[in-house]
$ cat final19.cif   # mmCIF, C-alpha atoms
data_structure
#
loop_
_atom_site.label_atom_id
_atom_site.label_comp_id
_atom_site.auth_asym_id
_atom_site.auth_seq_id
_atom_site.Cartn_x
_atom_site.Cartn_y
_atom_site.Cartn_z
CA MET A 1 22.57 26.36 8.70
CA LYS A 2 22.43 22.55 8.77
CA LEU A 3 25.11 19.98 8.21
CA LEU A 4 23.74 17.43 5.74
CA LYS A 5 26.64 15.18 4.86
CA VAL A 6 30.26 14.51 5.80
CA SER A 7 32.67 12.54 3.60
CA VAL A 8 36.20 11.65 4.71
CA PRO A 9 38.11 9.37 2.31
CA ASN A 10 41.32 8.89 4.28
CA PHE A 11 42.24 10.79 7.42
CA ARG A 12 44.06 9.09 10.30
CA ASN A 13 41.84 6.15 11.28
CA LEU A 14 38.90 7.39 9.20
CA LYS A 15 38.68 5.40 5.96
CA ASN A 16 35.94 6.02 3.39
CA VAL A 17 33.62 7.53 5.99
CA GLU A 18 30.35 9.00 4.75
CA LEU A 19 27.65 10.18 7.13
CA THR A 20 24.31 11.68 6.14
CA PHE A 21 22.25 13.72 8.59
CA GLU A 22 18.51 13.79 7.93
CA PRO A 23 17.52 17.49 7.91
CA SER A 24 13.89 16.83 8.84
CA LEU A 25 14.76 14.99 12.05
CA LYS A 26 13.50 16.77 15.18
CA PRO A 27 15.38 17.38 17.37
CA ALA A 28 18.44 17.50 15.12
CA VAL A 29 20.61 15.35 17.39
CA PHE A 30 22.79 12.70 15.78
CA PRO A 31 24.71 10.26 18.01
CA ILE A 32 27.84 8.84 16.38
CA GLY A 33 29.00 5.45 17.62
CA SER A 34 31.93 3.14 16.98
CA GLU A 35 34.35 0.91 18.81
CA ASN A 36 37.07 2.59 20.87
CA GLY A 37 39.60 4.13 18.52
CA GLY A 38 37.10 4.11 15.67
CA GLY A 39 37.55 7.82 14.98
CA LYS A 40 34.49 9.46 16.55
CA SER A 41 36.49 12.23 18.22
CA THR A 42 38.75 12.62 15.19
CA LEU A 43 35.73 13.12 12.94
CA LEU A 44 34.21 15.86 15.12
CA GLN A 45 37.58 17.55 15.55
CA LEU A 46 38.17 17.44 11.80
CA ILE A 47 34.84 19.13 11.05
CA PHE A 48 35.44 21.73 13.75
CA VAL A 49 39.06 22.58 12.85
CA LEU A 50 38.53 22.78 9.09
CA LEU A 51 35.45 24.99 9.36
CA THR A 52 36.70 27.14 12.24
CA CYS A 53 40.37 27.72 11.44
CA SER A 54 40.56 27.91 7.64
CA LEU A 55 39.33 31.50 7.27
CA ASP A 56 41.17 32.97 10.26
CA ASP A 57 44.89 33.69 9.85
CA ASN A 58 45.28 33.80 13.62
CA LYS A 59 44.06 30.19 13.86
CA ASN A 60 46.20 28.83 11.04
CA ILE A 61 48.63 27.39 13.57
CA TYR A 62 45.87 25.12 14.94
CA LEU A 63 45.16 23.90 11.43
CA SER A 64 48.84 23.06 10.96
CA ILE A 65 49.05 21.23 14.29
CA PHE A 66 45.95 19.18 13.55
CA LEU A 67 47.13 18.17 10.09
CA ILE A 68 50.80 17.63 10.94
CA SER A 69 50.50 13.93 11.71
CA VAL A 70 48.79 13.02 8.45
CA ILE A 71 49.88 15.44 5.78
CA ASP A 72 52.85 13.39 4.59
CA ASN A 73 50.52 10.51 3.76
CA PHE A 74 48.66 12.55 1.15
CA GLN A 75 49.45 13.23 -2.45
CA ASP A 76 49.17 16.86 -3.52
CA THR A 77 45.65 16.51 -4.88
CA ASP A 78 44.21 14.16 -2.26
CA GLU A 79 40.95 15.19 -0.67
CA ILE A 80 40.87 15.64 3.10
CA ALA A 81 37.13 16.00 3.64
CA GLN A 82 33.92 17.23 2.08
CA PHE A 83 31.02 18.81 3.94
CA GLU A 84 27.56 19.43 2.53
CA LEU A 85 25.53 22.14 4.25
CA ASN A 86 22.19 23.82 3.82
CA TYR A 87 22.61 27.57 4.15
CA GLN A 88 19.52 29.71 3.62
CA GLY A 89 18.02 27.03 1.38
CA GLU A 90 21.17 26.67 -0.75
CA ILE A 91 22.91 23.28 -0.76
CA ILE A 92 26.65 23.97 -0.69
CA ASN A 93 29.62 21.61 -0.69
CA PHE A 94 32.92 22.55 0.91
CA THR A 95 35.78 20.35 -0.30
CA PHE A 96 39.11 20.54 1.51
CA THR A 97 42.07 19.29 -0.46
CA TYR A 98 45.80 19.76 -0.83
CA LEU A 99 46.75 22.04 -3.67
CA ASP A 100 48.41 20.85 -6.85
CA GLU A 101 51.27 23.34 -6.98
CA ASN A 102 52.14 22.42 -10.58
CA ASP A 103 48.88 23.83 -11.92
CA SER A 104 49.41 27.31 -13.41
CA ASP A 105 46.14 28.71 -12.00
CA ASN A 106 46.98 27.37 -8.56
CA GLN A 107 50.40 28.99 -8.78
CA LYS A 108 48.71 32.38 -9.10
CA ILE A 109 46.65 31.67 -5.99
CA ILE A 110 49.81 30.68 -4.12
CA LYS A 111 51.73 33.74 -5.37
CA PHE A 112 49.14 36.25 -4.17
CA THR A 113 48.50 34.39 -0.91
CA LYS A 114 52.24 34.40 -0.16
CA GLU A 115 52.41 38.13 -0.85
CA ILE A 116 49.52 38.78 1.53
CA LEU A 117 51.10 36.64 4.24
CA ASN A 118 54.39 38.53 3.86
CA PHE A 119 52.61 41.89 3.96
CA LYS A 120 50.77 40.87 7.12
CA LYS A 121 54.03 39.81 8.73
CA ASP A 122 55.54 43.19 7.83
CA LEU A 123 52.50 44.85 9.39
CA GLN A 124 53.01 42.91 12.62
CA ASP A 125 56.71 43.80 12.66
CA LYS A 126 55.90 47.50 12.26
CA SER A 127 53.39 47.27 15.11
CA LYS A 128 56.06 45.75 17.35
CA GLU A 129 58.49 48.53 16.42
CA ILE A 130 55.88 51.17 17.25
CA THR A 131 55.21 49.52 20.61
CA ASN A 132 58.95 49.51 21.34
CA ILE A 133 59.24 53.20 20.47
CA ASP A 134 56.30 54.02 22.75
CA GLN A 135 58.04 52.17 25.58
CA ILE A 136 61.30 54.03 24.96
CA ILE A 137 59.48 57.38 24.93
CA SER A 138 57.85 56.54 28.26
CA GLU A 139 61.21 55.55 29.73
CA LYS A 140 62.81 58.76 28.45
CA ARG A 141 60.09 60.87 30.02
CA ARG A 142 60.54 59.12 33.36
CA GLU A 143 64.31 59.49 33.06
CA TYR A 144 64.11 63.22 32.39
CA MET A 145 61.50 63.86 35.05
CA GLY A 146 62.78 66.34 37.62
CA GLU A 147 65.67 67.58 35.49
CA SER A 148 65.05 71.24 34.78
CA SER A 149 68.17 72.86 33.30
CA GLY A 150 67.70 74.48 29.90
CA LEU A 151 70.28 72.23 28.26
CA VAL A 152 68.61 69.09 29.55
CA GLU A 153 65.19 70.34 28.50
CA LYS A 154 66.45 70.96 24.99
CA LYS A 155 68.10 67.52 24.77
CA LYS A 156 65.00 65.88 26.21
CA SER A 157 62.76 67.55 23.68
CA LYS A 158 65.05 66.61 20.79
CA ASP A 159 65.35 62.94 21.83
CA ILE A 160 61.62 62.47 22.13
CA GLU A 161 60.97 64.43 18.95
CA LYS A 162 63.28 62.10 17.01
CA LEU A 163 61.52 59.06 18.42
CA GLU A 164 58.12 60.50 17.55
CA GLU A 165 59.30 61.13 13.98
CA GLY A 166 60.42 57.51 13.71
CA LYS A 167 57.05 56.38 15.01
CA GLN A 168 55.18 58.49 12.45
CA THR A 169 57.33 57.03 9.66
CA LEU A 170 56.38 53.53 10.77
CA ILE A 171 52.69 54.46 10.91
CA LEU A 172 52.87 55.76 7.32
CA GLN A 173 54.60 52.54 6.26
CA GLN A 174 51.81 50.57 7.92
CA GLU A 175 49.22 52.44 5.88
CA GLU A 176 51.15 51.67 2.68
CA ILE A 177 51.28 47.98 3.59
CA LYS A 178 47.52 47.97 4.25
CA GLN A 179 46.96 49.37 0.76
CA TYR A 180 49.22 46.68 -0.72
CA ILE A 181 47.22 44.01 1.13
CA LYS A 182 43.94 45.46 -0.12
CA SER A 183 45.20 45.60 -3.70
CA THR A 184 46.64 42.07 -3.60
CA ASN A 185 43.45 40.74 -2.02
CA SER A 186 41.47 42.18 -4.92
CA ARG A 187 43.67 40.40 -7.46
CA LEU A 188 43.55 37.17 -5.46
CA LEU A 189 39.76 37.32 -5.29
CA ILE A 190 39.52 37.30 -9.09
CA TYR A 191 41.24 33.91 -9.26
CA GLN A 192 39.40 32.59 -6.22
CA LYS A 193 36.05 33.30 -7.85
CA GLU A 194 37.18 31.81 -11.14
CA LEU A 195 38.39 28.60 -9.47
CA LYS A 196 35.69 28.54 -6.75
CA ILE A 197 38.36 28.54 -4.05
CA LEU A 198 37.09 30.03 -0.80
CA CYS A 199 40.40 30.00 1.06
CA CYS A 200 44.00 28.93 0.71
CA ASN A 201 46.04 28.01 3.78
CA TYR A 202 49.78 27.55 4.02
CA ILE A 203 50.70 24.64 6.29
CA ALA A 204 54.15 25.93 7.20
CA ALA A 205 55.55 22.89 8.99
CA GLN A 206 55.03 20.74 5.88
CA ASP A 207 55.46 23.44 3.23
CA LYS A 208 52.12 22.49 1.66
CA TRP A 209 48.98 24.37 0.70
CA MET A 210 45.42 23.43 1.56
CA ILE A 211 42.37 24.90 -0.14
CA CYS A 212 38.62 24.81 0.30
CA LYS A 213 36.55 24.74 -2.88
CA THR A 214 32.84 25.26 -3.30
CA ASN A 215 30.58 23.54 -5.80
CA ILE A 216 28.31 26.44 -6.76
CA ASP A 217 28.89 29.43 -9.02
CA ASN A 218 27.57 31.95 -6.50
CA PHE A 219 30.87 32.67 -4.78
CA GLU A 220 29.41 35.30 -2.46
CA ILE A 221 26.78 33.01 -0.93
CA SER A 222 29.37 30.23 -0.57
CA TYR A 223 31.75 32.55 1.22
CA LYS A 224 28.99 33.85 3.50
CA ALA A 225 28.03 30.27 4.36
CA PHE A 226 31.64 29.40 5.14
CA ALA A 227 32.11 32.54 7.23
CA TYR A 228 28.88 31.84 9.09
CA ALA A 229 29.90 28.24 9.77
CA SER A 230 33.32 29.31 11.02
CA LYS A 231 31.73 31.49 13.70
CA ASN A 232 28.80 29.28 14.64
CA ILE A 233 30.26 25.85 15.23
CA TYR A 234 31.22 24.77 18.74
CA LEU A 235 33.16 21.78 20.01
CA VAL A 236 32.46 20.88 23.64
CA THR A 237 34.48 18.15 25.30
CA PRO A 238 33.38 17.19 28.81
CA PRO A 239 34.86 13.94 30.22
CA THR A 240 34.22 10.84 28.07
CA GLN A 241 31.98 12.69 25.62
CA MET A 242 32.33 15.10 22.72
CA PHE A 243 29.63 17.38 21.30
CA LEU A 244 29.60 19.39 18.09
CA PHE A 245 27.02 22.20 17.88
CA PHE A 246 25.99 24.17 14.80
CA ASP A 247 23.82 26.57 16.74
CA ARG A 248 24.79 28.94 19.56
CA GLU A 249 21.41 28.70 21.28
CA ILE A 250 21.42 24.90 21.35
CA LYS A 251 24.97 24.95 22.65
CA LYS A 252 23.84 27.21 25.50
CA LEU A 253 21.42 24.52 26.65
CA MET A 254 24.41 22.37 27.54
CA ASP A 255 26.42 25.11 29.26
CA GLY A 256 26.93 24.09 32.86
CA ASN A 257 24.47 21.20 32.55
CA PHE A 258 26.86 18.32 32.03
CA ALA A 259 26.27 16.91 35.52
CA ASP A 260 22.56 16.75 34.76
CA TYR A 261 23.33 15.18 31.39
CA TYR A 262 25.41 12.40 32.94
CA ASN A 263 22.78 11.76 35.63
CA LYS A 264 20.19 11.21 32.90
CA VAL A 265 22.56 8.96 30.94
CA ASN A 266 23.23 6.84 34.03
CA ALA A 267 19.50 6.62 34.80
CA ILE A 268 18.83 5.36 31.27
CA ARG A 269 21.63 2.80 31.57
CA LYS A 270 20.15 1.42 34.80
CA LYS A 271 16.85 0.81 33.06
#

$ encode --input "final19.cif" --output "structure tokens"
Amino acid sequence: MKLLKVSVPNFRNLKNVELTFEPSLKPAVFPIGSENGGGKSTLLQLIFVLLTCSLDDNKNIYLSIFLISVIDNFQDTDEIAQFELNYQGEIINFTFTYLDENDSDNQKIIKFTKEILNFKKDLQDKSKEITNIDQIISEKRREYMGESSGLVEKKKSKDIEKLEEGKQTLILQQEEIKQYIKSTNSRLLIYQKELKILCCNYIAAQDKWMICKTNIDNFEISYKAFAYASKNIYLVTPPTQMFLFFDREIKKLMDGNFADYYNKVNAIRKK
């Protein structure tokens, strides 16, 4: 996977930024320079956060935090950024934009995404309840330990049995919720493919929706490219520098070698 182009029309201090990265350049190292406060770090963070956090519900909070300072400056349909990548020979554009909630097709996307988010919250709540029951059962067993009268044994058995029944009920409810999520995901996917929307994220703090659209009809290859990018992009921030890697092996070359890197930089400066 190679990053070919980045376009950012208006994000914080980035205005009409467009960078092209020559794919044939060896090694594929692209220094980005500007005056202090010119947006170098913001640009790398933007690429990293959008590609890394958009597909992962657990990282949605980081997406919200990163966008919180700028989201009110956008209209509903304003573009945040566009990335062009080469994935397995296919040139794919990922366009991140705020969703027009008045569009009827978009409303379907929002409806199903909201349902899935609610189902997942219910699933988490059930898991917490099960954990609590397990803790209570453990406490009951410790409490009853050493008590041996027949009456106590009977009460002990009944208490724990009731708790176990409650736990099993919750487990069954969890399975039902998982089926609802699977079914809703299937319906959502129909509209995503039709509209070429790879993901839809709810930015809770601002009550807005952000989507990522692809430019090609092959939804599966676009999604694979996005999923691959989300797991193979690394942001490394030693003092005074920031590095963005699109390859795990290249990133490893820098692991623990920042002192050597700075020594070489200083040696070059002295020349």

$ atom_distance --input "final19.cif" --atom1 "atom CA of A:Ile65" --atom2 "atom CA of A:Leu44"
15.8 Å

$ atom_distance --input "final19.cif" --atom1 "atom CA of A:Lys213" --atom2 "atom CA of A:Leu3"
16.6 Å

$ residues_around --input "final19.cif" --residues "A:Ile109" --least-positions-apart "4" --cutoff "12 Å" --atoms "all atoms listed in the file" --output "MDAnalysis selection string"
chainID A and resid 99:105 113:116 184:202 209:211

$ residues_around --input "final19.cif" --residues "A:Lys126" --least-positions-apart "5" --cutoff "12 Å" --atoms "only C-alpha atoms" --output "list in words"
Phe119, Lys120, Lys121, Thr131, Asn132, Ile133, Gly166, Lys167, Gln168, Thr169, Leu170, Ile171, Leu172, Gln173, Gln174, Glu175, Glu176, Ile177 and Lys178 of chain A

$ write_last_selection --input "final19.cif" --atoms "C-alpha atoms" --output "PDB file, in the coordinates of the input"
ATOM      1  CA  PHE A 119      52.610  41.890   3.960  1.00  0.00           C
ATOM      2  CA  LYS A 120      50.770  40.870   7.120  1.00  0.00           C
ATOM      3  CA  LYS A 121      54.030  39.810   8.730  1.00  0.00           C
ATOM      4  CA  THR A 131      55.210  49.520  20.610  1.00  0.00           C
ATOM      5  CA  ASN A 132      58.950  49.510  21.340  1.00  0.00           C
ATOM      6  CA  ILE A 133      59.240  53.200  20.470  1.00  0.00           C
ATOM      7  CA  GLY A 166      60.420  57.510  13.710  1.00  0.00           C
ATOM      8  CA  LYS A 167      57.050  56.380  15.010  1.00  0.00           C
ATOM      9  CA  GLN A 168      55.180  58.490  12.450  1.00  0.00           C
ATOM     10  CA  THR A 169      57.330  57.030   9.660  1.00  0.00           C
ATOM     11  CA  LEU A 170      56.380  53.530  10.770  1.00  0.00           C
ATOM     12  CA  ILE A 171      52.690  54.460  10.910  1.00  0.00           C
ATOM     13  CA  LEU A 172      52.870  55.760   7.320  1.00  0.00           C
ATOM     14  CA  GLN A 173      54.600  52.540   6.260  1.00  0.00           C
ATOM     15  CA  GLN A 174      51.810  50.570   7.920  1.00  0.00           C
ATOM     16  CA  GLU A 175      49.220  52.440   5.880  1.00  0.00           C
ATOM     17  CA  GLU A 176      51.150  51.670   2.680  1.00  0.00           C
ATOM     18  CA  ILE A 177      51.280  47.980   3.590  1.00  0.00           C
ATOM     19  CA  LYS A 178      47.520  47.970   4.250  1.00  0.00           C
TER      20      LYS A 178
END

$ atom_distance --input "final19.cif" --atom1 "atom CA of A:Lys231" --atom2 "atom CA of A:Leu50"
12.0 Å

$ residues_around --input "final19.cif" --residues "A:Ser34" --least-positions-apart "4" --cutoff "12 Å" --atoms "all atoms listed in the file" --output "ChimeraX atom specification"
/A:13-14,17,38-43

$ closest_residue --input "final19.cif" --among "A:Leu67, A:Ile32, A:Leu25, A:Leu85" --to "A:Ala229" --atoms "only C-alpha atoms"
A:Leu85

$ residues_around --input "final19.cif" --residues "A:Gly89" --least-positions-apart "3" --cutoff "10 Å" --atoms "only C-alpha atoms" --output "list in words"
Met1, Lys2, Leu85, Asn86 and Ile92 of chain A

$ residues_near_point --input "final19.cif" --point "(31.4, 28.1, 12.8)" --cutoff "8 Å" --atoms "only C-alpha atoms" --output "NGL selection string"
:A and (48 or 51-52 or 226-234 or 246)

$ residues_around --input "final19.cif" --residues "A:Asn16" --least-positions-apart "5" --cutoff "12 Å" --atoms "only C-alpha atoms" --output "list in words"
Val6, Ser7, Val8, Pro9, Asn10, Phe11, Gly39, Leu43, Glu79, Ile80, Ala81 and Gln82 of chain A

$ write_last_selection --input "final19.cif" --atoms "C-alpha atoms" --output "tab-separated table (two decimals), keeping the file's coordinate frame"
chain	number	residue	atom	x	y	z
A	6	VAL	CA	30.26	14.51	5.80
A	7	SER	CA	32.67	12.54	3.60
A	8	VAL	CA	36.20	11.65	4.71
A	9	PRO	CA	38.11	9.37	2.31
A	10	ASN	CA	41.32	8.89	4.28
A	11	PHE	CA	42.24	10.79	7.42
A	39	GLY	CA	37.55	7.82	14.98
A	43	LEU	CA	35.73	13.12	12.94
A	79	GLU	CA	40.95	15.19	-0.67
A	80	ILE	CA	40.87	15.64	3.10
A	81	ALA	CA	37.13	16.00	3.64
A	82	GLN	CA	33.92	17.23	2.08
